[in-house]
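Printed here is coords23.txt (compact mmCIF, C-alpha atoms):
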```txt
# COMPACT_ATOMS: atom_id res chain seq x y z
CA MET A 1 43.41 -80.91 -177.12
CA GLU A 2 46.63 -79.10 -176.18
CA THR A 3 49.62 -81.35 -175.42
CA ILE A 4 50.03 -80.05 -171.87
CA TYR A 5 46.51 -81.18 -170.88
CA LYS A 6 46.70 -84.70 -172.36
CA PRO A 7 48.70 -86.33 -169.54
CA LEU A 8 46.36 -84.75 -166.96
CA ILE A 9 43.30 -86.13 -168.77
CA VAL A 10 44.95 -89.57 -169.04
CA SER A 11 45.75 -89.31 -165.31
CA ILE A 12 42.16 -88.49 -164.34
CA VAL A 13 40.59 -91.28 -166.41
CA GLY A 14 43.24 -93.88 -165.58
CA ASN A 15 43.17 -93.22 -161.85
CA ILE A 16 39.37 -93.38 -161.69
CA VAL A 17 39.39 -96.81 -163.35
CA LEU A 18 42.30 -98.18 -161.30
CA GLY A 19 41.10 -96.65 -158.03
CA ILE A 20 37.58 -98.05 -158.28
CA ALA A 21 38.89 -101.48 -159.34
CA LYS A 22 41.34 -101.71 -156.42
CA ILE A 23 38.79 -100.51 -153.88
CA ILE A 24 36.15 -103.00 -155.09
CA VAL A 25 38.56 -105.95 -155.02
CA GLY A 26 39.97 -104.79 -151.68
CA ALA A 27 36.52 -104.40 -150.15
CA LEU A 28 35.37 -107.81 -151.42
CA HIS A 29 38.37 -109.50 -149.82
CA SER A 30 38.89 -107.13 -146.84
CA SER A 31 42.36 -106.00 -147.96
CA LEU A 32 43.33 -102.70 -146.34
CA ALA A 33 46.46 -102.46 -148.52
CA LEU A 34 44.39 -102.70 -151.72
CA ILE A 35 41.72 -100.33 -150.43
CA SER A 36 44.44 -97.87 -149.37
CA ASP A 37 46.13 -98.19 -152.74
CA GLY A 38 42.79 -97.54 -154.42
CA ILE A 39 42.25 -94.44 -152.30
CA HIS A 40 45.76 -93.33 -153.28
CA SER A 41 44.76 -93.68 -156.94
CA LEU A 42 41.54 -91.72 -156.41
CA SER A 43 43.46 -89.04 -154.51
CA ASP A 44 45.53 -88.66 -157.66
CA VAL A 45 42.27 -87.88 -159.49
CA VAL A 46 41.77 -84.93 -157.13
CA THR A 47 45.37 -83.74 -157.56
CA SER A 48 45.13 -84.12 -161.34
CA VAL A 49 41.92 -82.05 -161.43
CA VAL A 50 43.62 -79.43 -159.24
CA GLY A 51 46.62 -79.64 -161.58
CA TYR A 52 44.41 -79.16 -164.63
CA LEU A 53 42.92 -76.02 -163.12
CA GLY A 54 46.39 -74.85 -162.12
CA VAL A 55 47.73 -75.23 -165.66
CA LYS A 56 44.70 -73.34 -166.98
CA ILE A 57 45.28 -70.40 -164.65
CA ALA A 58 49.09 -70.41 -164.81
CA SER A 59 49.05 -70.31 -168.61
CA LYS A 60 46.99 -67.10 -168.72
CA PRO A 61 48.94 -64.18 -170.18
CA ALA A 62 50.09 -61.19 -168.15
CA ASP A 63 47.42 -58.62 -167.35
CA GLN A 64 47.04 -55.45 -165.31
CA SER A 65 46.67 -57.30 -162.00
CA HIS A 66 49.48 -59.79 -162.76
CA PRO A 67 52.00 -57.89 -164.92
CA PHE A 68 54.53 -60.75 -164.78
CA GLY A 69 52.00 -63.42 -165.68
CA HIS A 70 50.32 -66.10 -163.61
CA SER A 71 53.15 -68.65 -163.33
CA ARG A 72 53.10 -68.56 -159.51
CA PHE A 73 49.71 -70.25 -159.60
CA GLU A 74 51.52 -73.32 -160.95
CA SER A 75 53.53 -73.63 -157.73
CA LEU A 76 50.51 -72.70 -155.59
CA PHE A 77 48.42 -75.51 -157.04
CA ALA A 78 51.35 -77.95 -156.84
CA PHE A 79 51.71 -77.01 -153.14
CA PHE A 80 48.08 -77.88 -152.45
CA MET A 81 48.53 -81.15 -154.34
CA GLY A 82 51.33 -82.00 -151.89
CA VAL A 83 49.15 -81.13 -148.88
CA LEU A 84 46.41 -83.44 -150.17
CA LEU A 85 48.94 -86.26 -150.35
CA PHE A 86 49.85 -85.69 -146.69
CA LEU A 87 46.20 -86.18 -145.73
CA VAL A 88 46.03 -89.41 -147.75
CA ALA A 89 49.19 -90.72 -146.02
CA TYR A 90 47.71 -89.99 -142.58
CA GLU A 91 44.44 -91.82 -143.31
CA ILE A 92 46.21 -94.90 -144.71
CA GLY A 93 48.70 -95.11 -141.82
CA ARG A 94 45.99 -94.73 -139.19
CA ASP A 95 43.81 -97.48 -140.69
CA ALA A 96 46.78 -99.84 -141.01
CA LEU A 97 47.75 -99.38 -137.34
CA GLU A 98 44.18 -99.98 -136.25
CA ARG A 99 44.15 -103.28 -138.16
CA ILE A 100 47.36 -104.45 -136.52
CA ILE A 101 45.99 -103.56 -133.07
CA GLU A 102 42.74 -105.40 -133.85
CA ARG A 103 44.74 -108.41 -135.19
CA HIS A 104 42.88 -108.36 -138.50
CA VAL A 105 44.13 -111.03 -140.96
CA ILE A 106 42.99 -111.56 -144.57
CA LYS A 107 43.16 -114.34 -147.17
CA VAL A 108 44.95 -113.50 -150.40
CA ASN A 109 43.82 -114.74 -153.83
CA VAL A 110 44.86 -114.49 -157.48
CA LEU A 111 42.42 -111.64 -158.24
CA MET A 112 43.98 -109.42 -155.58
CA ILE A 113 47.48 -110.07 -156.89
CA GLY A 114 46.35 -109.61 -160.51
CA ILE A 115 44.78 -106.18 -160.00
CA THR A 116 47.91 -105.05 -158.16
CA VAL A 117 50.18 -106.15 -161.02
CA VAL A 118 47.94 -104.36 -163.56
CA SER A 119 48.10 -101.23 -161.41
CA ILE A 120 51.92 -101.29 -161.26
CA ILE A 121 52.27 -101.60 -165.04
CA SER A 122 49.59 -98.99 -165.81
CA LYS A 123 50.94 -96.41 -163.37
CA GLU A 124 54.52 -96.78 -164.56
CA MET A 125 53.36 -96.18 -168.16
CA MET A 126 51.46 -93.08 -167.01
CA THR A 127 54.52 -91.90 -165.08
CA ARG A 128 56.80 -92.08 -168.11
CA TYR A 129 54.29 -90.36 -170.39
CA SER A 130 53.64 -87.48 -167.96
CA LEU A 131 57.36 -87.03 -167.21
CA ARG A 132 58.18 -86.88 -170.92
CA VAL A 133 55.54 -84.21 -171.58
CA GLY A 134 56.23 -82.29 -168.35
CA LYS A 135 59.99 -82.08 -168.90
CA LYS A 136 59.56 -81.24 -172.59
CA LEU A 137 57.26 -78.32 -171.74
CA GLY A 138 58.99 -77.43 -168.46
CA ASN A 139 55.69 -77.60 -166.55
CA GLN A 140 55.97 -78.26 -162.80
CA ILE A 141 52.36 -79.39 -162.35
CA VAL A 142 52.61 -82.13 -164.98
CA ILE A 143 55.94 -83.26 -163.51
CA VAL A 144 54.43 -83.40 -160.00
CA ASP A 145 51.50 -85.37 -161.39
CA ALA A 146 53.99 -87.81 -162.95
CA TYR A 147 55.63 -88.40 -159.58
CA HIS A 148 52.20 -89.03 -158.10
CA HIS A 149 51.89 -91.84 -160.62
CA ARG A 150 55.33 -93.14 -159.65
CA SER A 151 54.39 -93.04 -155.96
CA ASP A 152 51.23 -94.98 -156.75
CA ALA A 153 53.20 -97.56 -158.79
CA LEU A 154 55.73 -98.04 -156.01
CA SER A 155 53.02 -98.23 -153.37
CA SER A 156 51.40 -100.97 -155.45
CA VAL A 157 54.73 -102.81 -155.44
CA VAL A 158 54.69 -102.61 -151.64
CA VAL A 159 51.09 -103.87 -151.63
CA LEU A 160 52.10 -106.78 -153.85
CA VAL A 161 54.92 -107.72 -151.46
CA GLY A 162 52.52 -107.42 -148.52
CA LEU A 163 49.98 -109.68 -150.20
CA PHE A 164 52.63 -112.30 -150.91
CA LEU A 165 53.80 -112.14 -147.29
CA GLN A 166 50.23 -112.60 -146.12
CA LYS A 167 49.66 -115.46 -148.56
CA PHE A 168 52.71 -117.34 -147.28
CA GLY A 169 51.74 -117.09 -143.64
CA ILE A 170 53.36 -113.86 -142.43
CA SER A 171 50.70 -112.16 -140.31
CA TYR A 172 49.70 -108.56 -140.94
CA GLY A 173 51.63 -108.38 -144.24
CA ASP A 174 48.68 -106.48 -145.69
CA SER A 175 48.63 -103.92 -142.87
CA ILE A 176 52.42 -103.55 -142.79
CA ALA A 177 52.31 -102.83 -146.54
CA GLY A 178 49.69 -100.16 -145.82
CA ILE A 179 52.00 -98.44 -143.31
CA ILE A 180 54.94 -98.50 -145.75
CA VAL A 181 52.71 -97.03 -148.47
CA ALA A 182 51.69 -94.25 -146.06
CA PHE A 183 55.32 -93.39 -145.28
CA PHE A 184 56.21 -93.35 -148.96
CA ILE A 185 53.30 -91.04 -149.82
CA ALA A 186 54.24 -88.73 -146.93
CA LYS A 187 57.83 -88.51 -148.18
CA VAL A 188 56.72 -87.56 -151.69
CA ALA A 189 54.26 -85.03 -150.24
CA PHE A 190 56.98 -83.44 -148.09
CA GLU A 191 59.31 -83.01 -151.08
CA ILE A 192 56.55 -81.46 -153.19
CA VAL A 193 55.45 -79.06 -150.45
CA VAL A 194 58.98 -77.88 -149.60
CA LYS A 195 59.93 -77.37 -153.25
CA ASN A 196 56.87 -75.29 -154.01
CA ILE A 197 57.08 -73.27 -150.79
CA ASN A 198 60.55 -72.28 -151.95
CA HIS A 199 59.19 -71.30 -155.35
CA LEU A 200 56.36 -69.27 -153.84
CA THR A 201 58.62 -67.43 -151.40
CA GLY A 202 61.20 -66.43 -154.01
CA VAL A 203 64.14 -68.61 -152.95
CA SER A 204 67.46 -68.19 -154.77
CA PRO A 205 68.53 -70.89 -157.25
CA PRO A 206 71.41 -73.33 -156.62
CA GLU A 207 75.00 -72.20 -157.17
CA ASP A 208 75.37 -74.15 -160.43
CA ILE A 209 72.63 -72.03 -162.02
CA TYR A 210 74.41 -68.85 -160.88
CA ARG A 211 77.60 -70.14 -162.50
CA ARG A 212 75.79 -70.81 -165.77
CA ILE A 213 74.33 -67.28 -165.74
CA VAL A 214 77.77 -65.74 -165.10
CA GLU A 215 79.21 -67.74 -168.01
CA LYS A 216 76.43 -66.51 -170.29
CA VAL A 217 76.96 -62.86 -169.28
CA MET A 218 80.75 -62.88 -169.63
CA SER A 219 80.55 -64.65 -173.01
CA VAL A 220 79.01 -61.54 -174.60
CA GLU A 221 81.51 -59.39 -176.49
CA GLY A 222 81.74 -55.91 -174.97
CA VAL A 223 80.94 -56.95 -171.40
CA LYS A 224 83.96 -55.95 -169.29
CA GLY A 225 82.57 -56.93 -165.92
CA MET A 226 79.42 -57.64 -163.93
CA HIS A 227 78.12 -57.22 -160.39
CA ASP A 228 74.99 -57.35 -158.24
CA LEU A 229 73.73 -60.58 -159.82
CA ARG A 230 70.44 -61.58 -158.21
CA ALA A 231 67.99 -64.33 -159.10
CA HIS A 232 64.86 -65.68 -157.46
CA TYR A 233 62.02 -68.01 -158.31
CA VAL A 234 58.71 -66.54 -159.43
CA GLY A 235 56.68 -69.71 -159.39
CA PRO A 236 58.71 -72.46 -161.10
CA ARG A 237 60.84 -70.09 -163.22
CA LEU A 238 63.59 -67.62 -162.41
CA HIS A 239 63.73 -63.85 -162.70
CA VAL A 240 67.31 -62.58 -162.98
CA GLU A 241 68.73 -59.11 -162.41
CA VAL A 242 72.34 -58.15 -163.15
CA HIS A 243 74.52 -55.06 -163.69
CA ILE A 244 76.96 -55.27 -166.59
CA GLU A 245 79.97 -53.00 -167.15
CA VAL A 246 80.82 -51.59 -170.59
CA LEU A 247 83.47 -49.18 -171.88
CA PRO A 248 82.66 -45.43 -171.64
CA GLU A 249 83.42 -44.75 -175.32
CA LEU A 250 80.51 -46.89 -176.55
CA THR A 251 77.49 -45.18 -178.07
CA LEU A 252 74.12 -45.56 -176.37
CA LYS A 253 72.97 -47.89 -179.15
CA GLU A 254 76.08 -50.08 -178.83
CA ALA A 255 75.60 -50.38 -175.07
CA HIS A 256 71.91 -51.16 -175.56
CA ASP A 257 72.70 -53.86 -178.13
CA ILE A 258 75.14 -55.48 -175.68
CA SER A 259 72.52 -55.48 -172.93
CA GLU A 260 69.97 -57.07 -175.27
CA GLU A 261 72.45 -59.81 -176.16
CA VAL A 262 73.14 -60.42 -172.46
CA LYS A 263 69.40 -60.65 -171.80
CA LYS A 264 68.97 -63.10 -174.69
CA ARG A 265 71.77 -65.37 -173.50
CA ILE A 266 70.63 -65.42 -169.87
CA GLU A 267 67.14 -66.38 -170.98
CA GLU A 268 68.66 -69.33 -172.85
CA VAL A 269 69.23 -70.91 -169.43
CA GLU A 270 66.39 -73.40 -169.10
CA GLU A 271 65.19 -72.30 -165.66
CA VAL A 272 65.12 -68.57 -166.48
CA GLU A 273 61.89 -66.86 -167.50
CA THR A 274 63.13 -63.27 -167.84
CA ALA A 275 66.24 -61.18 -167.18
CA PHE A 276 66.60 -57.49 -166.28
CA ILE A 277 69.88 -55.88 -167.35
CA HIS A 278 71.37 -52.65 -165.95
CA ILE A 279 74.23 -50.97 -167.84
CA ASP A 280 77.11 -49.40 -165.89
CA ILE A 281 80.19 -47.62 -167.24
CA LYS A 282 83.36 -49.50 -166.37
CA GLY A 283 85.49 -47.55 -163.90
CA VAL A 284 82.61 -45.34 -162.75
CA THR A 285 81.51 -45.94 -159.17
CA GLU A 286 77.83 -45.43 -158.48
```
Write out the structure in this file as structure tokens.
Amino acid sequence: METIYKPLIVSIVGNIVLGIAKIIVGALHSSLALISDGIHSLSDVVTSVVGYLGVKIASKPADQSHPFGHSRFESLFAFFMGVLLFLVAYEIGRDALERIIERHVIKVNVLMIGITVVSIISKEMMTRYSLRVGKKLGNQIVIVDAYHHRSDALSSVVVLVGLFLQKFGISYGDSIAGIIVAFFIAKVAFEIVVKNINHLTGVSPPEDIYRRIVEKVMSVEGVKGMHDLRAHYVGPRLHVEVHIEVLPELTLKEAHDISEEVKKRIEEVEEVETAFIHIDIKGVTE
């Protein structure tokens, strides 16, 4: 099994087990917070399956219909994963409000607290594993999946607090925890959706990335100037275009070698997928 798929497989299996366990315990003891947390875990199964398919498609090589590869599918699938989280947040928040209106109160026991603690520990371990693999491979889908785990772990922390509040006589602690979980999931979903909309629509990178690219270009011997630097996201990675200026007495081969070195150095920037270099003669106005 390829490394990039391992965290997604772990995510699918782990979330199925945790989700079913939390929903069963929550249903047996009428805990909306636990049931909601279980649904959150099962929603992560859906997003992980979507992520798995996204990685499969995004990793396909360039072809006639997609000459620059399929990397945009990575952001497309990540976007839909964010939208799914929004729907989960809405359902949880609505059910929690209905319980408060209906004055629904539950009794908390050790089993409910125990399954929540197990969930927190398990999800944090899954978060760290997926983040390590995702950042190592620079894969946005695996990183997004990791933050789904983190959101689930933190929502379980909120559930745990809500259960303790309920246990010690604070009414609606379970339902209040459900509302907080819904807000947290919605926040994560919003960040994921916005980030991937930017990637899909070709937004420019932050200024610090531009500065790093300029430094790389001007560090190449023979480059006497540069202009018309442009960069935009194609999926999660950047395409860069820049004009470099060289001396007129250089041979064609020398100028070409300089442009190749510039291309190489720009593509050393972590976020950059490919660079397109145009050669101009210094002092000649186009």
Quick one: 3 Å padding each side, axis-aligned, all listed atoms of stretch 231-239 of chain A - centre and edge lengths in Å to one decimal, as AutoDock Vina command-line options?
```
--center_x 62.3 --center_y -68.2 --center_z -160.3 --size_x 17.3 --size_y 14.6 --size_z 11.8
```
Counting all atoms listed in the file, the residue among A:Asp37, A:Thr251, A:Ile143, A:Gly225 that lies closest to A:Val157 is A:Asp37
If we count all atoms listed in the file and set the cut-off at 10 Å, which residues sit around A:Val17, ignoring sequence neighbours fewer than 5 positions away in its own chain? Please answer as number ranges by chain. A: 12, 22, 38, 41-42, 119
With all atoms listed in the file as the atoms that count, which of A:Asp145, A:Asp208, A:Glu267, A:Glu221 lies nearest to A:Ile4? A:Asp145
Find the distance between atom CA of A:Leu131 and atom CA of A:His148 and write it in Å to one decimal.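 Here the two named atoms are 10.7 Å from each other.
Counting from atom CA of A:Glu270, the distance to atom CA of A:Glu74 is 17.0 Å.
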